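Reviewing the structure listed below.
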Amino acid sequence: MAPGVRLGVRLVQKVSSTRAFARIAPHVVPAMDRAVHRLTRGKVLLSARMLPGVVLTVPGARSGQLRTTPLACMPVARDGGTGSWVLVGSNFGRPGHPAWTANLLAHPEAPVISWKGVGIPVRARLLAGAERAEVWEAALRFWPPYAAYQARIDREIRLFRLERRDGSG
């Protein structure tokens, strides 16, 4: 990574760790992502310029209506491709779990993600125990602000692994 890019990433990490960012970002970032993603027919996700991202579509936990949410993700490579994706339910370090996590818990077999403009049916699994601990450490290396988010809240941040439903890589 070029020095200027590293500096930019560090600056964004520092800003995204603040409480002010946690208040503002949930209202601005997803709306911008949804608009640009729709206008570019799934080819561009603005927040993915900083972190890889997916657009998650899953039925609502109570309503059953499809809910679409742009999210940062941690892709996990396998055999030269992306084998799975990890989603971190940080909610920008705000107290409650993000709504999309309840949707995944209610409908783990139903989600579809848009990854680089391609729709992929996935299965969601809430991580626990040693697997969660290992993935959490990887998430902190991937995006250090997650540590600041966790320090601000009493709940444990939910981590999900999304795997292709058809089992292909």
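Letters A, B, ... mark the chains of the structure tokens in the order given; residue numbers begin at 1 per chain; ligand numbers begin at 1, in order shown.
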Checklist entry - Can you tell me, as a list in words, what residues are no more than 9 Å from Arg23 in chain A when counting only C-alpha atoms, ignoring any on the same chain fewer than 4 positions away? => result Thr18, Arg19, His27, Phe92 and Arg94 of chain A
Could those residues be written to a file, using N, CA, C and O atoms, as an mmCIF file, in the first residue's frame?
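See part-v1.cif below for the written result:
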```
data_model
loop_
_atom_site.group_PDB
_atom_site.id
_atom_site.type_symbol
_atom_site.label_atom_id
_atom_site.label_comp_id
_atom_site.auth_asym_id
_atom_site.auth_seq_id
_atom_site.Cartn_x
_atom_site.Cartn_y
_atom_site.Cartn_z
ATOM 1 N N THR A 18 -14.357 7.552 16.731
ATOM 2 C CA THR A 18 -14.911 8.571 17.620
ATOM 3 C C THR A 18 -16.411 8.385 17.867
ATOM 4 O O THR A 18 -17.122 7.799 17.048
ATOM 5 N N ARG A 19 -16.863 8.918 18.977
ATOM 6 C CA ARG A 19 -18.294 8.871 19.289
ATOM 7 C C ARG A 19 -19.112 9.717 18.309
ATOM 8 O O ARG A 19 -20.240 9.358 17.968
ATOM 9 N N HIS A 27 -26.444 7.175 9.825
ATOM 10 C CA HIS A 27 -27.483 7.870 9.061
ATOM 11 C C HIS A 27 -26.997 8.257 7.666
ATOM 12 O O HIS A 27 -27.802 8.411 6.755
ATOM 13 N N PHE A 92 -21.313 0.604 14.659
ATOM 14 C CA PHE A 92 -20.475 1.784 14.871
ATOM 15 C C PHE A 92 -20.212 2.055 16.354
ATOM 16 O O PHE A 92 -19.997 3.184 16.759
ATOM 17 N N ARG A 94 -22.382 1.621 18.826
ATOM 18 C CA ARG A 94 -23.584 2.085 19.529
ATOM 19 C C ARG A 94 -24.153 0.935 20.358
ATOM 20 O O ARG A 94 -23.874 -0.229 20.087
#
```
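Running DSSP on the backbone gives strand (DSSP E) for these residues within range 101-135 of chain A: Val112, Ile113, Ser114, Trp115, Val118, Gly119, Ile120, Pro121, Val122, Arg123, Ala124, Arg125 and Leu126 of chain A.
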Next on the checklist: At a cut-off of 10 Å, using only C-alpha atoms, what residues contact range 75-81 of chain A? Leave out same-chain residues fewer than 6 positions from it and give the result as a list in words.
Outcome noted: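 Neighbouring residues, sequence-local ones excluded: Pro52, Gly53, Val54, Leu87, Trp115, Arg161, Leu162, Glu163 and Gly169 of chain A.
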Just to be explicit: take each residue in the selection above, keep N, CA, C and O atoms, and write the result as a short mmCIF file (atom, residue, chain, number, x, y, z; two decimals), in the first residue's frame.
```
data_model
loop_
_atom_site.label_atom_id
_atom_site.label_comp_id
_atom_site.auth_asym_id
_atom_site.auth_seq_id
_atom_site.Cartn_x
_atom_site.Cartn_y
_atom_site.Cartn_z
N PRO A 52 -13.62 -3.75 2.15
CA PRO A 52 -14.48 -4.54 1.27
C PRO A 52 -15.92 -4.49 1.78
O PRO A 52 -16.15 -4.37 2.99
N GLY A 53 -16.86 -4.58 0.87
CA GLY A 53 -18.25 -4.49 1.30
C GLY A 53 -19.18 -5.36 0.49
O GLY A 53 -18.88 -5.75 -0.64
N VAL A 54 -20.29 -5.70 1.11
CA VAL A 54 -21.38 -6.43 0.46
C VAL A 54 -22.66 -5.64 0.69
O VAL A 54 -22.73 -4.79 1.58
N LEU A 87 -19.18 -10.86 8.70
CA LEU A 87 -19.85 -9.59 8.98
C LEU A 87 -19.73 -9.30 10.47
O LEU A 87 -19.92 -10.20 11.30
N TRP A 115 -21.91 -9.16 -4.03
CA TRP A 115 -20.46 -9.09 -3.86
C TRP A 115 -19.85 -8.73 -5.20
O TRP A 115 -19.98 -9.50 -6.15
N ARG A 161 -20.52 -15.59 9.97
CA ARG A 161 -19.85 -16.08 8.77
C ARG A 161 -20.94 -16.39 7.76
O ARG A 161 -21.92 -17.06 8.07
N LEU A 162 -20.76 -15.84 6.55
CA LEU A 162 -21.68 -16.12 5.45
C LEU A 162 -20.97 -17.05 4.49
O LEU A 162 -19.84 -16.77 4.05
N GLU A 163 -21.62 -18.16 4.17
CA GLU A 163 -21.06 -19.13 3.23
C GLU A 163 -22.04 -19.35 2.10
O GLU A 163 -23.27 -19.31 2.32
N GLY A 169 -17.21 -22.36 -4.51
CA GLY A 169 -16.27 -21.32 -4.11
C GLY A 169 -16.11 -20.33 -5.18
O GLY A 169 -15.55 -19.36 -5.18
#
```
Checklist entry - Closest to Arg34 in chain A among A:Ser114, A:Ser63, A:Gln150, A:Thr69, using only C-alpha atoms? => result A:Thr69
Item to check | Nearest to Asn103 in chain A, chosen from A:Ala147, A:Ile120, A:Val58, A:Phe160, with only C-alpha atoms counted in the distances | outcome: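 The closest residue to Asn103 in chain A is A:Val58.
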Checklist entry - Running DSSP on the backbone, which parts of range 56-153 of chain A land in helix (DSSP H, G or I), as a PyMOL selection string? => result chain A and resi 91-93+99-106+129-142+145-152
Item to check | Val112 in chain A environment, 12 Å, only C-alpha atoms, sequence neighbours closer than 6 positions dropped, as a ChimeraX atom specification | outcome: /A:54-59,66-70,85,104,118-124,162-166
Item to check | Counting only C-alpha atoms, the option among A:Gly117, A:His107, A:Cys73, A:Ala102 closest to Arg38 in chain A | outcome: A:Gly117
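Counting only C-alpha atoms, Val135 in chain A has the following residues at most 9 Å away, ignoring those fewer than 5 positions along the same chain: A:Val86, A:Leu127, A:Ala130, A:Leu140, A:Leu159.
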Just-selected residues, all heavy atoms written as a PDB file, in the first residue's frame:
```pdb
ATOM      1  N   VAL A  86     -17.107 -12.543   6.507  1.00  0.00           N
ATOM      2  CA  VAL A  86     -17.418 -12.301   7.913  1.00  0.00           C
ATOM      3  C   VAL A  86     -18.048 -10.920   8.012  1.00  0.00           C
ATOM      4  O   VAL A  86     -17.527  -9.942   7.464  1.00  0.00           O
ATOM      5  CB  VAL A  86     -16.151 -12.386   8.791  1.00  0.00           C
ATOM      6  CG1 VAL A  86     -16.443 -11.928  10.214  1.00  0.00           C
ATOM      7  CG2 VAL A  86     -15.591 -13.809   8.775  1.00  0.00           C
ATOM      8  N   LEU A 127     -21.141 -16.703  15.022  1.00  0.00           N
ATOM      9  CA  LEU A 127     -19.930 -17.339  15.551  1.00  0.00           C
ATOM     10  C   LEU A 127     -19.923 -17.278  17.070  1.00  0.00           C
ATOM     11  O   LEU A 127     -20.365 -16.292  17.673  1.00  0.00           O
ATOM     12  CB  LEU A 127     -18.686 -16.655  14.988  1.00  0.00           C
ATOM     13  CG  LEU A 127     -18.569 -16.668  13.462  1.00  0.00           C
ATOM     14  CD1 LEU A 127     -17.269 -16.017  13.016  1.00  0.00           C
ATOM     15  CD2 LEU A 127     -18.678 -18.083  12.906  1.00  0.00           C
ATOM     16  N   ALA A 130     -14.453 -20.512  20.604  1.00  0.00           N
ATOM     17  CA  ALA A 130     -13.086 -20.360  20.091  1.00  0.00           C
ATOM     18  C   ALA A 130     -13.076 -19.817  18.668  1.00  0.00           C
ATOM     19  O   ALA A 130     -12.203 -19.016  18.318  1.00  0.00           O
ATOM     20  CB  ALA A 130     -12.348 -21.700  20.156  1.00  0.00           C
ATOM     21  N   LEU A 140      -9.925  -7.463  14.314  1.00  0.00           N
ATOM     22  CA  LEU A 140      -9.189  -6.337  14.903  1.00  0.00           C
ATOM     23  C   LEU A 140      -7.947  -5.990  14.085  1.00  0.00           C
ATOM     24  O   LEU A 140      -7.581  -4.817  13.976  1.00  0.00           O
ATOM     25  CB  LEU A 140      -8.802  -6.643  16.346  1.00  0.00           C
ATOM     26  CG  LEU A 140      -9.962  -6.749  17.336  1.00  0.00           C
ATOM     27  CD1 LEU A 140      -9.438  -7.108  18.721  1.00  0.00           C
ATOM     28  CD2 LEU A 140     -10.782  -5.481  17.372  1.00  0.00           C
ATOM     29  N   LEU A 159     -20.631 -11.605  15.475  1.00  0.00           N
ATOM     30  CA  LEU A 159     -19.884 -11.915  14.255  1.00  0.00           C
ATOM     31  C   LEU A 159     -20.615 -13.034  13.529  1.00  0.00           C
ATOM     32  O   LEU A 159     -21.007 -14.025  14.152  1.00  0.00           O
ATOM     33  CB  LEU A 159     -18.467 -12.398  14.583  1.00  0.00           C
ATOM     34  CG  LEU A 159     -17.552 -11.474  15.362  1.00  0.00           C
ATOM     35  CD1 LEU A 159     -16.205 -12.141  15.601  1.00  0.00           C
ATOM     36  CD2 LEU A 159     -17.368 -10.160  14.631  1.00  0.00           C
TER      37      LEU A 159
END
```
Checklist entry - From the list A:Ile113, A:Trp143, A:Arg158, A:Ala35, which residue is nearest Pro98 in chain A when using only C-alpha atoms? => result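 The closest residue to Pro98 in chain A is A:Arg158.
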